[in-house]
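Enquirer: The following file, run.cif, comprises mmCIF, C-alpha atoms:
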data_model
#
loop_
_atom_site.label_atom_id
_atom_site.label_comp_id
_atom_site.auth_asym_id
_atom_site.auth_seq_id
_atom_site.Cartn_x
_atom_site.Cartn_y
_atom_site.Cartn_z
CA MET P 997 0.00 0.00 0.00
CA ASN P 998 1.32 3.41 -0.98
CA PHE P 999 -0.07 6.31 1.13
CA GLN P 1000 0.06 9.65 -0.69
CA PRO P 1001 -0.72 12.65 1.53
CA LEU P 1002 -3.18 15.06 -0.05
CA GLU P 1003 -3.00 18.84 0.25
CA LEU P 1004 -5.71 18.68 2.95
CA ALA P 1005 -4.14 17.99 6.34
CA GLY P 1006 -4.62 14.37 7.41
CA ALA P 1007 -6.22 13.12 4.16
CA TYR P 1008 -4.57 10.43 2.02
CA LEU P 1009 -4.98 8.74 -1.33
CA VAL P 1010 -3.95 5.10 -1.01
CA GLU P 1011 -2.68 3.23 -4.05
CA VAL P 1012 -3.03 -0.53 -3.75
CA ALA P 1013 -0.91 -3.04 -5.65
CA ARG P 1014 -2.66 -5.66 -7.75
CA ARG P 1015 -1.13 -9.09 -8.07
CA ILE P 1016 -2.21 -10.24 -11.52
CA ASP P 1017 -2.15 -13.75 -12.95
CA ASP P 1018 -4.25 -15.89 -15.30
CA ARG P 1019 -7.09 -16.00 -12.75
CA GLY P 1020 -7.42 -12.19 -12.61
CA TYR P 1021 -6.03 -10.15 -9.73
CA PHE P 1022 -5.75 -10.11 -5.95
CA VAL P 1023 -5.47 -6.89 -3.96
CA ARG P 1024 -5.16 -6.00 -0.30
CA GLU P 1025 -7.70 -3.18 0.12
CA TRP P 1026 -7.39 -2.78 3.87
CA CYS P 1027 -4.61 -3.45 6.36
CA MET P 1028 -5.06 -2.31 9.93
CA SER P 1029 -1.33 -2.33 10.70
CA GLU P 1030 -0.51 -0.21 7.60
CA PHE P 1031 -2.95 2.47 8.77
CA GLU P 1032 -1.88 2.29 12.42
CA LYS P 1033 1.84 2.63 11.69
CA ARG P 1034 1.07 5.97 10.01
CA GLY P 1035 -0.95 7.15 13.00
CA LEU P 1036 -4.24 6.86 11.09
CA CYS P 1037 -7.50 5.58 12.54
CA ALA P 1038 -7.82 1.87 11.84
CA ARG P 1039 -11.11 1.24 13.64
CA ILE P 1040 -13.90 -0.16 11.46
CA ALA P 1041 -17.37 0.04 12.99
CA GLN P 1042 -19.45 -0.18 9.82
CA ILE P 1043 -19.12 -0.97 6.11
CA ASN P 1044 -21.48 0.88 3.75
CA ALA P 1045 -22.14 0.71 0.03
CA GLY P 1046 -24.07 3.03 -2.25
CA PHE P 1047 -25.27 1.91 -5.69
CA SER P 1048 -26.47 4.40 -8.30
CA PRO P 1049 -27.71 3.29 -11.73
CA VAL P 1050 -27.70 6.82 -13.25
CA PRO P 1051 -24.57 8.90 -14.01
CA GLY P 1052 -24.61 12.31 -12.35
CA THR P 1053 -26.16 11.01 -9.12
CA LEU P 1054 -24.83 13.01 -6.18
CA ARG P 1055 -24.62 11.89 -2.56
CA GLY P 1056 -23.33 14.37 0.02
CA MET P 1057 -21.90 16.39 1.57
CA HIS P 1058 -22.17 14.39 4.81
CA PHE P 1059 -20.46 14.31 8.20
CA GLN P 1060 -21.21 13.33 11.79
CA VAL P 1061 -20.51 15.59 14.77
CA GLY P 1062 -19.41 15.22 18.38
CA ALA P 1063 -18.55 11.80 19.78
CA ASP P 1064 -19.96 10.24 16.58
CA SER P 1065 -17.53 12.07 14.28
CA GLU P 1066 -16.16 9.49 11.87
CA VAL P 1067 -13.22 8.60 9.68
CA LYS P 1068 -14.15 7.16 6.27
CA VAL P 1069 -12.11 4.94 3.96
CA VAL P 1070 -13.73 5.10 0.50
CA ARG P 1071 -13.33 2.95 -2.62
CA CYS P 1072 -15.29 2.63 -5.87
CA THR P 1073 -15.99 -1.08 -6.45
CA ARG P 1074 -17.93 -0.71 -9.70
CA GLY P 1075 -18.01 2.06 -12.30
CA ALA P 1076 -16.52 5.46 -11.44
CA ALA P 1077 -17.16 8.32 -9.02
CA PHE P 1078 -15.80 11.79 -8.42
CA ASP P 1079 -15.24 11.87 -4.67
CA VAL P 1080 -14.94 15.18 -2.78
CA ILE P 1081 -13.85 16.00 0.75
CA VAL P 1082 -14.05 19.34 2.60
CA ASP P 1083 -11.99 20.15 5.69
CA LEU P 1084 -14.41 21.55 8.30
CA ARG P 1085 -11.91 21.62 11.18
CA GLU P 1086 -11.63 25.23 12.30
CA ASP P 1087 -8.14 24.69 13.78
CA SER P 1088 -6.79 23.07 10.61
CA PRO P 1089 -4.34 24.82 8.26
CA THR P 1090 -6.54 23.59 5.39
CA PHE P 1091 -9.87 24.75 6.91
CA CYS P 1092 -12.64 25.05 4.27
CA ARG P 1093 -10.44 23.72 1.47
CA THR P 1094 -11.67 20.92 -0.78
CA HIS P 1095 -10.14 18.06 -2.70
CA GLY P 1096 -11.72 15.96 -5.43
CA VAL P 1097 -10.41 12.69 -6.83
CA GLU P 1098 -11.70 10.16 -9.33
CA LEU P 1099 -12.15 6.72 -7.81
CA THR P 1100 -12.79 3.95 -10.30
CA GLU P 1101 -13.15 0.23 -10.45
CA GLN P 1102 -10.03 0.20 -12.64
CA ASN P 1103 -7.69 2.45 -10.62
CA GLY P 1104 -8.60 0.81 -7.29
CA ARG P 1105 -7.63 3.95 -5.35
CA VAL P 1106 -8.73 4.30 -1.75
CA LEU P 1107 -9.46 7.68 -0.12
CA TYR P 1108 -8.80 8.19 3.60
CA VAL P 1109 -11.14 10.88 4.99
CA PRO P 1110 -10.25 12.11 8.51
CA ASN P 1111 -12.64 13.15 11.29
CA GLY P 1112 -14.02 16.63 10.77
CA PHE P 1113 -14.40 16.41 7.00
CA ALA P 1114 -17.58 16.53 4.92
CA HIS P 1115 -17.68 13.84 2.23
CA GLY P 1116 -19.68 13.31 -0.93
CA TYR P 1117 -19.45 11.91 -4.42
CA GLN P 1118 -20.99 12.05 -7.88
CA THR P 1119 -21.30 8.98 -10.09
CA LEU P 1120 -19.61 9.25 -13.48
CA HIS P 1121 -20.82 6.00 -15.07
CA LYS P 1122 -24.05 4.06 -14.96
CA ASP P 1123 -24.33 1.32 -12.35
CA THR P 1124 -21.68 2.74 -10.02
CA GLU P 1125 -21.08 1.34 -6.54
CA VAL P 1126 -19.05 3.08 -3.84
CA GLN P 1127 -18.04 1.30 -0.65
CA TYR P 1128 -16.83 2.99 2.48
CA LEU P 1129 -15.65 1.84 5.86
CA THR P 1130 -16.50 4.07 8.80
CA SER P 1131 -14.88 4.31 12.22
CA MET P 1132 -18.25 4.94 13.91
CA PRO P 1133 -21.71 3.52 13.28
CA TYR P 1134 -24.32 5.75 11.68
CA ALA P 1135 -25.89 8.00 14.33
CA PRO P 1136 -28.93 9.88 12.97
CA GLN P 1137 -28.82 12.45 15.80
CA SER P 1138 -25.23 13.37 14.83
CA ALA P 1139 -25.65 13.26 11.05
CA HIS P 1140 -25.30 16.58 9.26
CA GLY P 1141 -24.22 18.01 5.96
CA VAL P 1142 -23.40 21.07 3.93
CA ARG P 1143 -24.86 21.94 0.55
CA PHE P 1144 -23.17 20.27 -2.41
CA ASN P 1145 -23.05 23.62 -4.23
CA ASP P 1146 -22.15 25.93 -1.33
CA SER P 1147 -20.30 28.81 -2.99
CA ARG P 1148 -17.82 28.98 -0.09
CA PHE P 1149 -16.29 25.69 -1.28
CA GLY P 1150 -16.57 26.15 -5.05
CA ILE P 1151 -16.78 22.44 -5.80
CA LYS P 1152 -16.73 21.76 -9.55
CA TRP P 1153 -18.82 18.65 -10.07
CA PRO P 1154 -17.89 17.05 -13.42
CA LEU P 1155 -21.47 16.29 -14.55
CA GLU P 1156 -24.86 17.93 -14.26
CA VAL P 1157 -26.56 16.67 -11.10
CA THR P 1158 -29.18 14.24 -12.36
CA ARG P 1159 -30.27 12.72 -9.04
CA ILE P 1160 -29.94 14.00 -5.48
CA SER P 1161 -31.99 13.36 -2.35
CA GLN P 1162 -34.21 16.11 -1.00
CA GLN P 1163 -32.18 16.08 2.22
CA ASP P 1164 -28.87 16.54 0.38
CA ARG P 1165 -30.36 19.38 -1.70
CA GLN P 1166 -31.50 21.16 1.47
CA TRP P 1167 -28.39 21.00 3.66
CA PRO P 1168 -27.44 24.52 4.85
CA ASP P 1169 -24.50 26.54 3.66
CA PHE P 1170 -21.47 26.16 5.91
CA GLY P 1171 -21.17 28.59 8.79
CA PRO P 1172 -22.28 29.44 12.28
CA ASP P 1173 -24.88 31.95 11.05
CA SER P 1174 -26.62 29.46 8.77
CA PRO P 1175 -30.02 28.29 10.01
CA GLY P 1176 -29.95 24.62 10.94
CA PHE P 1177 -26.18 24.38 11.11
CA PRO P 1178 -25.00 22.24 14.08
CA ALA P 1179 -23.51 24.03 17.07
CA GLY P 1180 -19.84 23.36 17.65
CA VAL P 1181 -18.94 22.79 14.01
CA ARG P 1182 -16.92 25.58 12.42
#
Could you show the structure in this file as structure tokens?

Expert:
Amino acid sequence: MNFQPLELAGAYLVEVARRIDDRGYFVREWCMSEFEKRGLCARIAQINAGFSPVPGTLRGMHFQVGADSEVKVVRCTRGAAFDVIVDLREDSPTFCRTHGVELTEQNGRVLYVPNGFAHGYQTLHKDTEVQYLTSMPYAPQSAHGVRFNDSRFGIKWPLEVTRISQQDRQWPDFGPDSPGFPAGVR
């Protein structure tokens, strides 16, 4: 596993090595000791998958707050997705900066998303599946988000948004003065 630090403090793109033979390939997608030796969270509390049949489907920008704040380890297992993270940690040198990366079935890249980041993705191909490991179980009372098109972040989604949930469309803009924004997150 090759861990490449991203320009957002604490975030990594992980390249995995495929061992290819006449049967296909074998890859180690997760290794607790590899994450731990870099000081990264290696706890897995839940494994989630999202399937979207239509390109342009957008899911995000999600995060959990307080004791339920979570690390995510994200991989596209089928198709392709443009995955975006936003640093919401007020004390971070990369506060409010974003990073987008294409995760595909072919490139096998894995994205490490630290606590305190919002996360979302847009599908680029039909029948796309994204899998992510989380360090904490889903906690509805701690689940929040920011709008996918909040001008403060300037995220450039590669496709027109064809599908998005009503909840994701209605998340507030980021900031303490925004109605409905969770206390303690800035």

Enquirer: Take the PyMOL selection byres ((chain P and resi 998-1012) around 8), apply it to the structure above, and return the hits as a list of chain:residue names.

Expert: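 When the PyMOL selection byres ((chain P and resi 998-1012) around 8) is applied, the selected residues are P:Met997, P:Ala1013, P:Arg1014, P:Val1023, P:Arg1024, P:Glu1025, P:Asp1083, P:Ser1088, P:Pro1089, P:Thr1090, P:Arg1093, P:Thr1094, P:His1095, P:Gly1104, P:Arg1105, P:Val1106, P:Leu1107, P:Tyr1108, P:Val1109, P:Pro1110.
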
Enquirer: Between P:Gly1141, P:Gln1060, P:Gly1052, P:Glu1030, single out the one closest to P:Ile1160, counting only C-alpha atoms.

Expert: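 Among P:Gly1141, P:Gln1060, P:Gly1052, P:Glu1030, it is P:Gly1052 that comes nearest to P:Ile1160.
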
Enquirer: Which residues, named as in the file, does the PyMOL selection byres ((chain P and resi 1049) around 9) pick out? Answer as a PyMOL selection string.

Expert: chain P and resi 1047-1048+1050-1051+1053+1119+1121-1125

Enquirer: Rounded to one decimal in Å, what is the spacing between atom CA of P:Gly1075 and atom CA of P:Arg1019?

Expert: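 Between atom CA of P:Gly1075 and atom CA of P:Arg1019 the gap is 21.1 Å.
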
Enquirer: Pick the closest to P:Ile1043 from P:Val1097, P:Cys1092, P:Leu1084, P:Leu1129: which is it, counting only C-alpha atoms?

Expert: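 Answer, going by the shortest atom-to-atom distance: P:Leu1129.
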
Enquirer: When the PyMOL selection byres ((chain P and resi 1114) around 8) is applied to the file above, which residues end up in the set, as a ChimeraX atom specification?

Expert: /P:1056-1059,1081-1084,1112-1113,1115-1116,1141-1142

Enquirer: Name the closest residue to P:Ala1135 among the candidates P:Ala1063, P:Phe1031, P:Gly1020, P:Trp1026; distances are taken between atoms, counting all atoms listed in the file.

Expert: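 Among the listed residues, the smallest separation from P:Ala1135 belongs to P:Ala1063.
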
Enquirer: Using Å and a single decimal, report how far atom CA of P:Arg1055 sits from atom CA of P:Lys1152.

Expert: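 So the two atoms, atom CA of P:Lys1152 and atom CA of P:Arg1055, lie 14.4 Å apart.
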
Enquirer: Using all atoms listed in the file, can you tell me which of P:Asp1079, P:Asp1018, P:Asp1146, P:Asp1064 comes closest to P:Gln1127?

Expert: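 Closest to P:Gln1127, using all atoms listed in the file: P:Asp1079.
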
Enquirer: Separation of atom CA of P:Glu1101 and atom CA of P:Arg1015, in Å?

Expert: 15.4 Å

Enquirer: Using all atoms listed in the file, which of the listed residues (P:Met1028, P:Cys1072, P:Val1061, P:Leu1120) sits closest to P:Asn1103?

Expert: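 When distances to P:Asn1103 are compared using all atoms listed in the file, the smallest one comes from P:Cys1072.
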
Enquirer: P:Arg1143, P:Phe1149, P:Gln1102, P:Thr1130: which is nearest P:Tyr1021, counting all atoms listed in the file?

Expert: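 Residue with the minimum atom-to-atom distance to P:Tyr1021: P:Gln1102.
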
Enquirer: Would you mind listing what lies within 9 Å of P:Asn1145 as a VMD selection string, with all atoms listed in the file counted and same-chain residues fewer than 5 positions away left out?

Expert: chain P and resid 1150 to 1153 1165 1169

Enquirer: Where atoms are absent from stretch 1091-1108 of chain P, fill them in so it carries N, CA and C atoms, then output it as a short mmCIF file (atom, residue, chain, number, x, y, z; two decimals), keeping the file's coordinate frame.

Expert:
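Saved the output as selection.cif:
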data_model
loop_
_atom_site.label_atom_id
_atom_site.label_comp_id
_atom_site.auth_asym_id
_atom_site.auth_seq_id
_atom_site.Cartn_x
_atom_site.Cartn_y
_atom_site.Cartn_z
N PHE P 1091 -8.46 24.48 6.62
CA PHE P 1091 -9.87 24.75 6.91
C PHE P 1091 -10.60 25.29 5.68
N CYS P 1092 -11.73 24.68 5.37
CA CYS P 1092 -12.64 25.05 4.27
C CYS P 1092 -12.08 24.76 2.88
N ARG P 1093 -10.94 24.10 2.79
CA ARG P 1093 -10.44 23.72 1.47
C ARG P 1093 -11.04 22.37 1.07
N THR P 1094 -11.09 22.15 -0.23
CA THR P 1094 -11.67 20.92 -0.78
C THR P 1094 -10.65 20.15 -1.59
N HIS P 1095 -10.95 18.88 -1.80
CA HIS P 1095 -10.14 18.06 -2.70
C HIS P 1095 -11.08 17.06 -3.37
N GLY P 1096 -10.94 16.93 -4.68
CA GLY P 1096 -11.72 15.96 -5.43
C GLY P 1096 -10.81 14.99 -6.13
N VAL P 1097 -11.21 13.73 -6.19
CA VAL P 1097 -10.41 12.69 -6.83
C VAL P 1097 -11.35 11.69 -7.50
N GLU P 1098 -10.91 11.18 -8.64
CA GLU P 1098 -11.70 10.16 -9.33
C GLU P 1098 -11.32 8.79 -8.78
N LEU P 1099 -12.31 8.09 -8.27
CA LEU P 1099 -12.15 6.72 -7.81
C LEU P 1099 -12.87 5.83 -8.80
N THR P 1100 -12.18 4.83 -9.31
CA THR P 1100 -12.79 3.95 -10.30
C THR P 1100 -12.53 2.49 -9.96
N GLU P 1101 -13.34 1.67 -10.55
CA GLU P 1101 -13.15 0.23 -10.45
C GLU P 1101 -11.76 -0.14 -10.97
N GLN P 1102 -11.31 0.53 -12.02
CA GLN P 1102 -10.03 0.20 -12.64
C GLN P 1102 -8.83 0.70 -11.83
N ASN P 1103 -8.88 1.94 -11.31
CA ASN P 1103 -7.69 2.45 -10.62
C ASN P 1103 -7.57 1.93 -9.20
N GLY P 1104 -8.65 1.43 -8.60
CA GLY P 1104 -8.60 0.81 -7.29
C GLY P 1104 -8.15 1.72 -6.15
N ARG P 1105 -8.08 3.01 -6.39
CA ARG P 1105 -7.63 3.95 -5.35
C ARG P 1105 -8.58 3.92 -4.15
N VAL P 1106 -7.99 4.23 -3.00
CA VAL P 1106 -8.73 4.30 -1.75
C VAL P 1106 -8.50 5.70 -1.18
N LEU P 1107 -9.56 6.35 -0.70
CA LEU P 1107 -9.46 7.68 -0.12
C LEU P 1107 -9.67 7.60 1.38
N TYR P 1108 -8.69 8.12 2.14
CA TYR P 1108 -8.80 8.19 3.60
C TYR P 1108 -9.31 9.58 3.97
#
